[in-house]
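This is run.tsv. It holds TSV, C-alpha atoms.
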chain	number	residue	atom	x	y	z
A	4	MET	CA	0.78	-14.73	107.43
A	5	LYS	CA	0.05	-11.04	107.32
A	6	ILE	CA	2.31	-8.23	106.23
A	7	LYS	CA	2.71	-5.74	109.02
A	8	CYS	CA	2.76	-2.11	108.05
A	9	ILE	CA	2.86	1.29	109.68
A	10	ILE	CA	1.63	4.62	108.34
A	11	VAL	CA	3.66	7.73	109.03
A	12	ASP	CA	1.86	10.91	108.06
A	13	ASP	CA	1.04	14.11	109.92
A	14	GLU	CA	-2.32	14.59	108.23
A	15	PRO	CA	-5.27	12.70	109.72
A	16	LEU	CA	-7.13	12.76	106.39
A	17	ALA	CA	-4.20	11.07	104.70
A	18	GLN	CA	-4.01	8.58	107.58
A	19	ASP	CA	-7.69	7.71	107.16
A	20	LEU	CA	-7.36	7.18	103.46
A	21	MET	CA	-4.26	5.05	103.80
A	22	SER	CA	-5.82	2.84	106.44
A	23	THR	CA	-8.93	2.42	104.29
A	24	TYR	CA	-6.75	1.39	101.38
A	25	CYS	CA	-4.85	-1.06	103.59
A	26	GLU	CA	-8.06	-2.57	104.93
A	27	ARG	CA	-9.08	-3.53	101.41
A	28	LEU	CA	-6.08	-5.83	101.21
A	29	PRO	CA	-6.71	-8.76	103.51
A	30	HIS	CA	-3.05	-9.59	103.91
A	31	LEU	CA	-1.98	-6.18	105.04
A	32	ARG	CA	-2.30	-5.28	108.68
A	33	VAL	CA	-1.74	-1.76	109.96
A	34	VAL	CA	-0.02	-2.17	113.32
A	35	LYS	CA	0.70	1.46	114.04
A	36	GLN	CA	-0.19	4.95	112.85
A	37	CYS	CA	2.36	7.65	113.59
A	38	TYR	CA	1.68	11.36	113.20
A	39	ASP	CA	5.30	12.36	112.79
A	40	ALA	CA	8.71	10.86	112.22
A	41	LEU	CA	9.85	11.20	115.82
A	42	GLU	CA	6.91	9.11	116.94
A	43	ALA	CA	7.79	6.51	114.33
A	44	LEU	CA	11.43	6.51	115.37
A	45	GLU	CA	10.46	5.85	118.94
A	46	TRP	CA	8.06	3.09	117.97
A	47	LEU	CA	10.59	1.37	115.73
A	48	ASN	CA	13.06	1.28	118.59
A	49	SER	CA	11.04	-1.39	120.30
A	50	ASN	CA	8.87	-2.81	117.54
A	51	GLN	CA	9.25	-4.00	114.03
A	52	THR	CA	7.27	-3.88	110.85
A	53	ASP	CA	7.61	-5.20	107.31
A	54	LEU	CA	6.43	-2.18	105.43
A	55	MET	CA	6.23	1.55	106.08
A	56	PHE	CA	4.15	4.17	104.28
A	57	LEU	CA	6.05	7.39	104.74
A	58	ASP	CA	5.07	11.00	104.19
A	59	LEU	CA	7.97	13.40	103.61
A	60	ASN	CA	6.89	16.82	104.73
A	61	MET	CA	6.50	16.47	108.47
A	62	PRO	CA	7.42	18.69	111.41
A	63	LYS	CA	10.87	18.57	113.02
A	64	LEU	CA	12.18	15.53	111.24
A	65	LYS	CA	11.55	15.21	107.50
A	66	GLY	CA	10.81	11.80	106.04
A	67	PHE	CA	14.14	11.23	104.31
A	68	ASP	CA	16.24	12.47	107.24
A	69	PHE	CA	14.32	10.05	109.39
A	70	LEU	CA	15.00	7.25	106.91
A	71	ARG	CA	18.74	7.95	107.01
A	72	THR	CA	18.79	7.47	110.77
A	73	LEU	CA	17.29	3.98	110.54
A	74	GLN	CA	19.67	1.06	110.71
A	75	ASN	CA	17.29	-1.70	109.77
A	76	SER	CA	14.72	0.07	107.73
A	77	PRO	CA	11.57	-1.79	106.76
A	78	LYS	CA	10.49	-1.62	103.13
A	79	VAL	CA	9.41	1.92	102.40
A	80	ILE	CA	6.71	3.33	100.13
A	81	VAL	CA	6.82	7.10	100.07
A	82	THR	CA	3.52	9.00	99.98
A	83	THR	CA	3.89	12.70	99.35
A	84	ALA	CA	2.42	15.69	97.56
A	85	TYR	CA	5.85	16.64	96.22
A	86	LYS	CA	7.17	14.85	93.19
A	87	GLU	CA	10.56	16.56	93.20
A	88	HIS	CA	12.07	14.31	95.88
A	89	ALA	CA	11.64	11.09	93.93
A	90	LEU	CA	15.27	10.84	92.85
A	91	GLU	CA	16.55	11.21	96.38
A	92	GLY	CA	14.12	8.49	97.33
A	93	TYR	CA	15.63	5.99	94.97
A	94	GLU	CA	19.05	6.74	96.39
A	95	LEU	CA	17.63	5.65	99.70
A	96	ALA	CA	16.38	2.42	98.11
A	97	ILE	CA	12.70	2.96	98.65
A	98	GLU	CA	10.28	0.56	97.00
A	99	ASP	CA	7.98	3.07	95.37
A	100	TYR	CA	7.04	6.73	95.35
A	101	LEU	CA	3.38	7.73	95.39
A	102	VAL	CA	2.41	11.30	94.63
A	103	LYS	CA	-0.76	12.43	96.41
A	104	PRO	CA	-3.49	12.18	95.49
A	105	PHE	CA	-3.15	8.63	94.19
A	106	SER	CA	-5.73	6.00	93.30
A	107	PHE	CA	-6.20	2.68	94.99
A	108	GLU	CA	-4.89	0.98	91.85
A	109	ARG	CA	-1.66	2.92	92.06
A	110	PHE	CA	-1.37	2.12	95.76
A	111	LEU	CA	-1.91	-1.54	94.99
A	112	LYS	CA	0.82	-1.49	92.39
A	113	ALA	CA	3.23	-0.10	94.96
A	114	VAL	CA	2.30	-2.74	97.52
A	115	ASN	CA	2.72	-5.51	94.95
A	116	LYS	CA	6.10	-4.16	94.02
A	117	ALA	CA	7.19	-4.06	97.64
A	118	ILE	CA	6.06	-7.56	98.47
A	119	SER	CA	7.27	-9.14	95.25
A	120	THR	CA	10.83	-7.87	95.67
A	121	SER	CA	11.14	-9.61	98.97
A	122	SER	CA	10.14	-12.71	100.77
A	123	LEU	CA	7.98	-10.69	103.09
A	124	LEU	CA	5.32	-13.33	102.95
A	125	ALA	CA	7.68	-16.25	103.26
A	126	GLY	CA	8.44	-15.63	106.89
A	127	LYS	CA	11.47	-14.18	108.54
A	128	GLY	CA	13.40	-17.40	109.01
A	129	TYR	CA	13.68	-17.97	105.30
A	130	ASP	CA	15.38	-14.70	104.57
A	131	GLN	CA	18.78	-15.74	105.74
A	132	GLN	CA	18.90	-19.06	103.92
A	133	GLU	CA	20.23	-18.49	100.44
A	134	GLY	CA	19.05	-21.85	99.18
A	135	ASN	CA	15.50	-20.93	99.83
A	136	SER	CA	15.38	-17.88	97.64
A	137	MET	CA	12.59	-19.44	95.56
A	138	SER	CA	10.16	-18.98	98.39
A	139	PRO	CA	6.50	-18.63	97.44
A	140	GLN	CA	5.61	-15.16	96.31
A	141	ARG	CA	2.25	-13.60	95.90
A	142	PHE	CA	0.64	-10.47	94.64
A	143	PHE	CA	-2.76	-8.82	94.46
A	144	VAL	CA	-4.76	-8.35	91.29
A	145	LYS	CA	-8.06	-6.67	90.67
A	146	GLY	CA	-10.81	-8.99	89.53
A	147	ASP	CA	-14.37	-7.96	88.82
A	148	LYS	CA	-15.01	-6.18	92.09
A	149	GLU	CA	-12.64	-7.70	94.57
A	150	TYR	CA	-8.90	-8.09	94.82
A	151	HIS	CA	-7.48	-11.56	94.56
A	152	GLN	CA	-4.29	-12.72	96.06
A	153	VAL	CA	-2.43	-14.92	93.64
A	154	SER	CA	0.52	-17.12	94.38
A	155	LEU	CA	3.15	-17.19	91.65
A	156	GLU	CA	3.48	-20.94	91.89
A	157	ASP	CA	-0.20	-21.45	91.06
A	158	ILE	CA	-0.01	-19.68	87.72
A	159	LEU	CA	0.03	-21.88	84.63
A	160	TYR	CA	-0.22	-19.24	81.96
A	161	VAL	CA	-1.72	-15.88	81.15
A	162	GLU	CA	-3.79	-14.90	78.17
A	163	ALA	CA	-4.41	-11.32	77.04
A	164	ARG	CA	-8.01	-10.14	76.73
A	165	GLY	CA	-7.59	-6.55	75.61
A	166	ASN	CA	-7.39	-4.37	78.70
A	167	TYR	CA	-7.96	-7.47	80.80
A	168	SER	CA	-6.07	-10.71	81.14
A	169	ALA	CA	-7.09	-14.22	82.02
A	170	LEU	CA	-4.93	-15.95	84.61
A	171	PHE	CA	-5.03	-19.73	84.29
A	172	LEU	CA	-4.31	-21.08	87.75
A	173	GLU	CA	-4.05	-24.52	89.27
A	174	GLY	CA	-7.46	-23.90	90.78
A	175	GLY	CA	-9.22	-22.39	87.78
A	176	GLU	CA	-9.44	-19.29	85.67
A	177	LEU	CA	-9.38	-15.70	86.88
A	178	LEU	CA	-10.17	-12.63	84.80
A	179	VAL	CA	-8.20	-9.66	86.05
A	180	HIS	CA	-8.14	-5.98	85.30
A	181	GLU	CA	-4.51	-5.80	84.15
A	182	LYS	CA	-3.02	-5.63	80.71
A	183	ILE	CA	-0.73	-8.46	79.78
A	184	SER	CA	2.16	-6.01	79.55
A	185	ASP	CA	1.60	-5.00	83.18
A	186	LEU	CA	1.52	-8.62	84.25
A	187	GLU	CA	4.70	-9.29	82.34
A	188	GLU	CA	6.43	-6.74	84.58
A	189	LEU	CA	4.95	-8.33	87.67
A	190	LEU	CA	5.86	-11.91	86.84
A	191	PRO	CA	9.58	-12.52	87.31
A	192	ALA	CA	11.80	-13.92	84.57
A	193	PRO	CA	13.11	-16.51	83.94
A	194	ALA	CA	10.30	-18.37	85.75
A	195	PHE	CA	7.78	-16.68	83.46
A	196	MET	CA	8.16	-16.07	79.79
A	197	ARG	CA	6.30	-14.17	77.12
A	198	VAL	CA	5.85	-16.64	74.27
A	199	HIS	CA	3.28	-14.80	72.20
A	200	ARG	CA	1.78	-11.33	71.91
A	201	SER	CA	-1.10	-12.65	73.98
A	202	PHE	CA	0.51	-15.30	76.18
A	203	ILE	CA	2.87	-15.58	79.13
A	204	VAL	CA	3.78	-19.06	80.31
A	205	ALA	CA	5.12	-20.37	83.60
A	206	VAL	CA	8.18	-22.22	82.31
A	207	GLU	CA	8.07	-24.77	85.11
A	208	LYS	CA	4.58	-25.89	84.12
A	209	ILE	CA	5.31	-26.67	80.49
A	210	LYS	CA	4.63	-30.29	79.54
A	211	THR	CA	5.64	-30.33	75.91
A	212	ILE	CA	6.84	-28.05	73.17
A	213	GLN	CA	5.96	-29.19	69.71
A	214	GLY	CA	6.50	-26.97	66.71
A	215	ASN	CA	4.82	-23.72	67.58
A	216	THR	CA	2.69	-25.10	70.36
A	217	ILE	CA	3.35	-25.35	74.06
A	218	THR	CA	1.25	-27.65	76.19
A	219	VAL	CA	0.56	-26.63	79.77
A	220	GLU	CA	-1.63	-29.02	81.71
A	221	LYS	CA	-4.11	-29.95	78.98
A	222	GLN	CA	-4.16	-26.56	77.35
A	223	GLU	CA	-2.32	-25.54	74.23
A	224	VAL	CA	-0.55	-22.24	74.03
A	225	PRO	CA	0.77	-20.89	70.71
A	226	ILE	CA	4.29	-19.56	70.27
A	227	GLY	CA	4.38	-16.25	68.41
A	228	GLN	CA	6.71	-15.87	65.45
A	229	THR	CA	8.69	-13.06	66.99
A	230	TYR	CA	9.08	-15.06	70.18
A	231	SER	CA	9.96	-18.44	68.75
A	232	ASN	CA	13.71	-17.88	68.71
A	233	SER	CA	13.90	-16.68	72.26
A	234	VAL	CA	11.65	-19.54	73.40
A	235	ARG	CA	13.98	-22.05	71.83
A	236	ASP	CA	17.12	-20.36	73.17
A	237	GLU	CA	15.86	-19.77	76.67
A	238	ILE	CA	13.80	-22.81	77.42
A	239	LEU	CA	15.34	-25.60	75.41
A	240	LYS	CA	18.88	-24.62	76.26
A	241	ARG	CA	18.01	-24.49	79.88
A	242	LYS	CA	16.42	-27.89	79.87
A	243	GLN	CA	19.60	-29.64	78.80
B	87	MET	CA	-14.57	10.53	96.14
B	88	VAL	CA	-12.19	7.81	97.07
B	89	HIS	CA	-13.28	7.87	100.65
B	90	GLU	CA	-16.62	9.04	101.90
B	91	SER	CA	-16.63	11.52	104.66
B	92	ASP	CA	-19.35	13.62	106.24
B	93	LYS	CA	-17.00	16.58	105.98
B	94	ALA	CA	-16.52	16.21	102.25
B	95	PRO	CA	-19.45	18.33	100.99
B	96	GLU	CA	-18.58	21.18	103.29
B	97	VAL	CA	-14.92	21.08	102.40
B	98	ILE	CA	-15.55	20.99	98.68
B	99	LEU	CA	-17.93	23.91	98.99
B	100	LYS	CA	-15.32	25.94	100.85
B	101	LEU	CA	-12.67	25.02	98.35
B	102	SER	CA	-14.84	26.00	95.39
B	103	ASP	CA	-15.73	29.29	97.07
B	104	MET	CA	-12.05	30.03	97.49
B	105	MET	CA	-11.17	29.13	93.94
B	106	ARG	CA	-14.01	31.25	92.61
B	107	TYR	CA	-12.85	34.13	94.74
B	108	THR	CA	-9.26	34.01	93.50
B	109	ILE	CA	-10.41	33.86	89.89
B	110	TYR	CA	-13.16	36.49	89.85
B	111	GLU	CA	-12.33	38.82	92.72
B	112	GLY	CA	-8.57	38.42	92.39
B	113	LYS	CA	-8.50	40.40	89.17
B	114	LYS	CA	-10.36	43.41	90.53
B	115	ASP	CA	-8.45	46.44	91.71
B	116	LYS	CA	-10.37	46.71	94.96
B	117	VAL	CA	-12.70	44.43	96.87
B	118	PRO	CA	-14.82	44.98	99.98
B	119	LEU	CA	-12.77	44.09	103.03
B	120	ASN	CA	-15.44	41.73	104.35
B	121	GLU	CA	-15.04	39.49	101.29
B	122	GLU	CA	-11.35	39.36	101.94
B	123	VAL	CA	-12.10	38.47	105.57
B	124	ASP	CA	-14.38	35.60	104.49
B	125	TYR	CA	-11.68	34.32	102.21
B	126	LEU	CA	-9.09	34.30	104.99
B	127	GLN	CA	-11.54	32.59	107.33
B	128	CYS	CA	-12.25	29.92	104.71
B	129	TYR	CA	-8.56	29.26	104.35
B	130	ILE	CA	-8.20	28.88	108.12
B	131	ASP	CA	-11.18	26.51	108.34
B	132	LEU	CA	-9.82	24.32	105.59
B	133	HIS	CA	-6.41	24.08	107.16
B	134	LYS	CA	-7.73	23.31	110.61
B	135	ILE	CA	-9.08	19.94	109.49
B	136	ARG	CA	-5.70	18.93	108.08
B	137	TYR	CA	-3.92	18.55	111.36
B	138	GLN	CA	-3.94	15.93	114.05
B	139	LYS	CA	-2.11	18.17	116.49
B	140	GLU	CA	-3.79	21.07	118.18
B	141	VAL	CA	-3.25	24.41	116.49
B	142	TYR	CA	-4.24	27.63	118.19
B	143	ILE	CA	-5.62	30.13	115.74
B	144	ARG	CA	-7.04	33.51	116.60
B	145	PHE	CA	-8.39	35.81	113.94
B	146	GLU	CA	-9.76	39.16	115.01
B	147	LYS	CA	-11.96	40.88	112.43
B	148	PRO	CA	-13.20	44.44	112.13
B	149	LYS	CA	-16.92	45.14	112.49
B	150	ASP	CA	-17.11	47.67	109.69
B	151	ALA	CA	-15.36	45.52	107.10
B	152	ASP	CA	-18.17	46.03	104.57
B	153	GLU	CA	-17.55	49.76	104.46
B	154	VAL	CA	-13.90	49.57	103.51
B	155	SER	CA	-12.18	48.25	100.42
B	156	VAL	CA	-8.66	46.98	99.76
B	157	ALA	CA	-6.64	45.39	96.97
B	158	PRO	CA	-7.39	41.65	96.95
B	159	LEU	CA	-5.22	38.70	97.97
B	160	LEU	CA	-2.51	40.57	99.84
B	161	PHE	CA	-3.03	39.23	103.36
B	162	ILE	CA	-3.52	35.64	102.26
B	163	ILE	CA	0.16	35.41	101.36
B	164	LEU	CA	1.08	35.98	105.00
B	165	LEU	CA	-1.53	33.55	106.23
B	166	GLU	CA	-0.26	30.87	103.85
B	167	ASN	CA	3.28	31.44	105.06
B	168	ALA	CA	2.21	31.18	108.68
B	169	PHE	CA	0.78	27.72	107.99
B	170	LYS	CA	3.55	26.52	105.74
B	171	HIS	CA	6.58	27.70	107.68
B	172	GLY	CA	5.02	27.91	111.12
B	173	VAL	CA	2.33	25.37	111.86
B	174	GLU	CA	3.78	22.67	109.65
B	175	SER	CA	7.23	22.92	111.23
B	176	LEU	CA	6.04	22.31	114.78
B	177	ARG	CA	5.01	19.10	116.50
B	178	GLU	CA	2.93	20.86	119.14
B	179	GLY	CA	1.92	24.23	120.46
B	180	ALA	CA	1.71	25.90	117.07
B	181	TYR	CA	-0.23	29.13	117.04
B	182	ILE	CA	-1.27	31.88	114.66
B	183	HIS	CA	-2.58	35.19	115.90
B	184	ALA	CA	-3.94	37.51	113.28
B	185	TYR	CA	-5.85	40.70	113.52
B	186	LEU	CA	-7.32	43.04	110.99
B	187	ARG	CA	-8.28	46.54	112.05
B	188	THR	CA	-9.77	49.50	110.26
B	189	TYR	CA	-9.28	53.15	111.07
B	190	GLN	CA	-11.89	54.83	108.91
B	191	LYS	CA	-11.07	58.39	109.95
B	192	GLU	CA	-7.49	57.99	108.86
B	193	GLY	CA	-8.50	55.78	105.93
B	194	LYS	CA	-6.22	53.08	107.22
B	195	VAL	CA	-6.32	49.29	107.28
B	196	VAL	CA	-3.89	47.32	109.43
B	197	PHE	CA	-3.25	43.60	109.24
B	198	GLU	CA	-0.93	41.93	111.69
B	199	ILE	CA	-0.08	38.28	111.86
B	200	GLN	CA	2.18	36.47	114.25
B	201	ASN	CA	3.14	32.82	114.38
B	202	ASN	CA	5.68	30.60	116.04
B	203	PHE	CA	7.95	28.26	114.08
B	204	ASP	CA	10.73	25.77	114.61
B	205	ASP	CA	13.88	27.86	114.40
B	206	GLN	CA	16.07	24.79	114.13
B	207	ASP	CA	14.49	24.12	110.81
B	208	SER	CA	17.36	24.54	108.37
B	209	GLU	CA	15.44	26.01	105.46
B	210	GLY	CA	16.36	29.62	105.98
B	211	LYS	CA	15.83	30.91	102.48
B	212	GLN	CA	13.13	33.48	101.92
B	213	GLY	CA	10.42	32.33	99.56
B	214	ILE	CA	8.87	34.14	96.66
B	215	GLY	CA	5.70	34.95	98.58
B	216	LEU	CA	7.08	37.83	100.62
B	217	GLU	CA	9.11	39.16	97.70
B	218	ASN	CA	5.95	39.16	95.62
B	219	LEU	CA	3.99	40.89	98.35
B	220	LYS	CA	6.58	43.68	98.59
B	221	LYS	CA	6.43	44.32	94.87
B	222	ARG	CA	2.66	44.33	94.77
B	223	LEU	CA	2.45	46.76	97.66
B	224	GLU	CA	4.87	49.08	95.90
B	225	LEU	CA	2.70	49.04	92.80
B	226	LEU	CA	-0.73	49.15	94.43
B	227	TYR	CA	0.00	51.43	97.37
B	228	PRO	CA	3.04	53.46	96.34
B	229	ASN	CA	4.18	55.49	99.35
B	230	ARG	CA	0.90	54.61	101.02
B	231	HIS	CA	1.86	51.48	102.87
B	232	ARG	CA	4.16	50.07	105.52
B	233	LEU	CA	5.43	46.54	105.74
B	234	ASP	CA	7.29	45.48	108.85
B	235	ILE	CA	8.73	42.03	109.25
B	236	VAL	CA	10.21	40.82	112.51
B	237	LYS	CA	11.71	37.39	113.02
B	238	GLU	CA	13.11	36.51	116.39
B	239	GLU	CA	13.35	33.58	118.77
B	240	GLY	CA	11.02	31.31	116.96
B	241	VAL	CA	8.36	33.92	116.31
B	242	PHE	CA	7.58	35.52	112.98
B	243	LYS	CA	5.59	38.72	112.92
B	244	VAL	CA	4.44	40.82	110.00
B	245	ASN	CA	2.54	44.05	110.07
B	246	ILE	CA	0.97	45.68	107.01
B	247	GLU	CA	-0.51	49.12	107.04
B	248	LEU	CA	-2.46	50.37	104.04
B	249	ASN	CA	-3.49	53.99	103.61

Could you write out this file's structure as structure tokens?
Amino acid sequence: MKIKCIIVDDEPLAQDLMSTYCERLPHLRVVKQCYDALEALEWLNSNQTDLMFLDLNMPKLKGFDFLRTLQNSPKVIVTTAYKEHALEGYELAIEDYLVKPFSFERFLKAVNKAISTSSLLAGKGYDQQEGNSMSPQRFFVKGDKEYHQVSLEDILYVEARGNYSALFLEGGELLVHEKISDLEELLPAPAFMRVHRSFIVAVEKIKTIQGNTITVEKQEVPIGQTYSNSVRDEILKRKQ
Amino acid sequence: MVHESDKAPEVILKLSDMMRYTIYEGKKDKVPLNEEVDYLQCYIDLHKIRYQKEVYIRFEKPKDADEVSVAPLLFIILLENAFKHGVESLREGAYIHAYLRTYQKEGKVVFEIQNNFDDQDSEGKQGIGLENLKKRLELLYPNRHRLDIVKEEGVFKVNIELN
């Protein structure tokens, strides 16, 4: 299932760049490009989208004023040359705020943030059912050259490799261009836990904990000294 | 470049020309008027590619611009304002009409620029650009200039006369 998004920006160059960025992510589909907020308003009256990239400085109707008029706003990532409106943005519950010019990596981070805070990928029907809040979630990470989509439920554990990290998945190993500290932010607690300076473990996948060693599948993961108390408190307490 | 474009080399060249001009020519007391004209034209060309909507821009230049000199970077302020407060505020039908004329016998240079804008736009406060321009004119052309600003019914018009 693809995430539908629209781009609202009055500059064609910005539109081009945004659609190029979106094309690089196979699960993102640009369904509409609007050149001002009024056009977007009209389009949203009879269509819907999951995600909206929104420029602020546009003719007639400015981005935030437009946002205030929306009843059922999609997730919003602001793209603007002005950093001074960021605070106002957070009052309007936007997902992220990108200051032009921004890199693809920064864009990717924003998209990941937007899709991980929701069940965008889980399908509309699931949203209403409280019991299903553990719906599968995914995010994109940069590998060697390409971007991989990773499902949270496939992750066994993560090992730091300097500026890179190795993701150990159900299907194999993946070396990604993210520091472990960045991944720690991306992987939600309490399902994931930092157990060592160099390791994050998916709590659900743990087989055994013995002394300072956790076994996941057939692999052994060490527990760091500074983490051992919290591991015991969090995991063992929970298991009872 | 994040995104390859056939326009990129040309745009970067224009941009670097403009930056060079503001740094090296901007600190001189006087520059040939034709250099100032090129600078304004560069600015217009760069802005044209930014918009999806159609923008009508007319810029009338004097033929003898190489024989006259003026203080640098005065007119650009008005051109920047016309884009920022005029063109960017309108969804369609935005225009800028500018003309630069020389009267060599009288030793006079006249620049006039006129643009439409969205007068429902709430931001009514006057920016620092015009304030700055007034002060610079007073220092550079004391008692030898006129600056007329007219704002009515969605049209903004400024006329500068330098003696």

Atom-to-atom span, CA of Gly146 (chain A) and CA of Gln222 (chain A), Å: 22.4 Å

Long-range neighbours of region 98-111 of chain A as a list in words, 7 Å cut-off, all atoms listed in the file, 6 positions minimum in chain: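 Near region 98-111 of chain A, the qualifying residues are Tyr24, Lys78, Val79, Ile80, Val81, Thr82, Thr83, Ala84, Tyr85, Lys86, Ala89 and Ala117 of chain A.
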
Tell me, counting all atoms listed in the file, for each residue of chain B within 9 Å of chain A, which pair of atoms is nearest and how far apart they are in Å to one decimal, in rows ordered by chain and increasing number, as a Markdown table.
| residue | atom | partner | partner_atom | distance |
| --- | --- | --- | --- | --- |
| B:Val88 | CA | A:Ser106 | CA | 7.7 |
| B:His89 | CA | A:Leu20 | CA | 6.6 |
| B:Ile135 | CA | A:Leu16 | CA | 8.1 |
| B:Arg136 | CA | A:Glu14 | CA | 5.5 |
| B:Tyr137 | CA | A:Glu14 | CA | 5.3 |
| B:Gln138 | CA | A:Pro15 | CA | 5.6 |
| B:Lys139 | CA | A:Asp13 | CA | 8.3 |
| B:Val173 | CA | A:Pro62 | CA | 8.4 |
| B:Glu174 | CA | A:Pro62 | CA | 5.7 |
| B:Ser175 | CA | A:Pro62 | CA | 4.2 |
| B:Leu176 | CA | A:Pro62 | CA | 5.1 |
| B:Arg177 | CA | A:Pro62 | CA | 5.6 |
| B:Asp204 | CA | A:Lys63 | CA | 7.4 |
| B:Gln206 | CA | A:Lys63 | CA | 8.2 |
| B:Asp207 | CA | A:Lys63 | CA | 7.0 |

Nearest to His30 (chain A), chosen from A:Asn115, A:Asn75, A:Ser184, A:Ser231, with only C-alpha atoms counted in the distances: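 Among the listed residues, A:Asn115 lies closest to His30 (chain A).
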
Nearest to Leu225 (chain B), chosen from B:Gly240, B:Gly179, B:Asp115, B:Tyr185, with all atoms listed in the file counted in the distances: B:Asp115

Pick from B:Ala168, B:Ala157, B:Val117, B:Ile98, whichever lies nearest to Val241 (chain B) using only C-alpha atoms: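 Of B:Ala168, B:Ala157, B:Val117, B:Ile98, the one nearest Val241 (chain B) is B:Ala168, counting only C-alpha atoms.
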
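The interatomic distance for the pair CA of Lys7 (chain A) and CA of Asp53 (chain A) works out to 5.2 Å.
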
Close residues, Glu153 (chain B) itself excluded, 8 Å, only C-alpha atoms, min 3 positions apart in chain, as a count of residues only: 3

Point-to-point distance in Å for CA of Arg144 (chain B) and CA of Arg222 (chain B): 26.2 Å

Hey, can I get the axis-aligned box for region 238-245 of chain B? All listed atoms, 6 Å padding on each side, centre and edge lengths in Å to one decimal, as JSON.
{"center_x": 7.9, "center_y": 37.7, "center_z": 114.4, "size_x": 22.8, "size_y": 24.7, "size_z": 20.8}

Non-local contacts of Glu192 (chain B) (12 Å; only C-alpha atoms; under 6 positions in same chain excluded) as a PyMOL selection string: chain B and resi 154+230+247-249

Output C-alpha atoms for every residue in that selection, as a CSV table (one decimal), in the frame of the given file.
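To be explicit, this is the file written out as out.csv:
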chain,number,residue,atom,x,y,z
B,154,VAL,CA,-13.9,49.6,103.5
B,230,ARG,CA,0.9,54.6,101.0
B,247,GLU,CA,-0.5,49.1,107.0
B,248,LEU,CA,-2.5,50.4,104.0
B,249,ASN,CA,-3.5,54.0,103.6

Residues near region 212-217 of chain B, cut-off 9 Å, only C-alpha atoms, skip fewer than 6 positions along chain, as a list in words: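 Neighbouring residues, sequence-local ones excluded: Ile163, Leu164, Glu166 and Asn167 of chain B.
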
8 Å contact set for Ala163 (chain A), only C-alpha atoms, chain neighbours under 5 positions out, as an NGL selection string: :A and (168-169 or 182-183 or 201-202)

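For the set A:Gly214, A:Gly174, A:Pro225, A:Pro193, the residue with the smallest atom-to-atom gap to Val153 (chain A) is A:Gly174, counting all atoms listed in the file.
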
Option closest in space to Ala94 (chain B), from B:Leu132, B:Phe145, B:Asn202, B:Glu111 [counting all atoms listed in the file]: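 Comparing B:Leu132, B:Phe145, B:Asn202, B:Glu111 against Ala94 (chain B), the winner is B:Leu132.
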
Starting from the incomplete input, reconstruct N, CA and C atoms of region 164-175 of chain A and report them as a PDB file, keeping the file's coordinate frame.
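Result written to selection-v9.pdb:
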ATOM      1  N   ARG A 164      -6.619 -10.369  77.179  1.00  0.00           N
ATOM      2  CA  ARG A 164      -8.010 -10.140  76.730  1.00  0.00           C
ATOM      3  C   ARG A 164      -8.220  -8.640  76.640  1.00  0.00           C
ATOM      4  N   GLY A 165      -7.495  -8.010  75.747  1.00  0.00           N
ATOM      5  CA  GLY A 165      -7.590  -6.550  75.610  1.00  0.00           C
ATOM      6  C   GLY A 165      -7.018  -5.869  76.829  1.00  0.00           C
ATOM      7  N   ASN A 166      -7.853  -5.040  77.493  1.00  0.00           N
ATOM      8  CA  ASN A 166      -7.390  -4.370  78.700  1.00  0.00           C
ATOM      9  C   ASN A 166      -7.381  -5.304  79.905  1.00  0.00           C
ATOM     10  N   TYR A 167      -7.930  -6.479  79.721  1.00  0.00           N
ATOM     11  CA  TYR A 167      -7.960  -7.470  80.800  1.00  0.00           C
ATOM     12  C   TYR A 167      -7.011  -8.604  80.457  1.00  0.00           C
ATOM     13  N   SER A 168      -6.828  -9.491  81.412  1.00  0.00           N
ATOM     14  CA  SER A 168      -6.070 -10.710  81.140  1.00  0.00           C
ATOM     15  C   SER A 168      -6.736 -11.856  81.892  1.00  0.00           C
ATOM     16  N   ALA A 169      -6.596 -13.042  81.326  1.00  0.00           N
ATOM     17  CA  ALA A 169      -7.090 -14.220  82.020  1.00  0.00           C
ATOM     18  C   ALA A 169      -5.902 -14.947  82.620  1.00  0.00           C
ATOM     19  N   LEU A 170      -5.973 -15.170  83.945  1.00  0.00           N
ATOM     20  CA  LEU A 170      -4.930 -15.950  84.610  1.00  0.00           C
ATOM     21  C   LEU A 170      -5.430 -17.383  84.705  1.00  0.00           C
ATOM     22  N   PHE A 171      -4.681 -18.319  84.146  1.00  0.00           N
ATOM     23  CA  PHE A 171      -5.030 -19.730  84.290  1.00  0.00           C
ATOM     24  C   PHE A 171      -4.225 -20.295  85.439  1.00  0.00           C
ATOM     25  N   LEU A 172      -4.954 -20.652  86.509  1.00  0.00           N
ATOM     26  CA  LEU A 172      -4.310 -21.080  87.750  1.00  0.00           C
ATOM     27  C   LEU A 172      -4.534 -22.569  87.959  1.00  0.00           C
ATOM     28  N   GLU A 173      -3.826 -23.119  88.902  1.00  0.00           N
ATOM     29  CA  GLU A 173      -4.050 -24.520  89.270  1.00  0.00           C
ATOM     30  C   GLU A 173      -5.508 -24.740  89.639  1.00  0.00           C
ATOM     31  N   GLY A 174      -6.091 -23.740  90.289  1.00  0.00           N
ATOM     32  CA  GLY A 174      -7.460 -23.900  90.780  1.00  0.00           C
ATOM     33  C   GLY A 174      -8.538 -23.411  89.839  1.00  0.00           C
ATOM     34  N   GLY A 175      -8.193 -22.903  88.682  1.00  0.00           N
ATOM     35  CA  GLY A 175      -9.220 -22.390  87.780  1.00  0.00           C
ATOM     36  C   GLY A 175      -8.774 -21.110  87.093  1.00  0.00           C
TER      37      GLY A 175
END
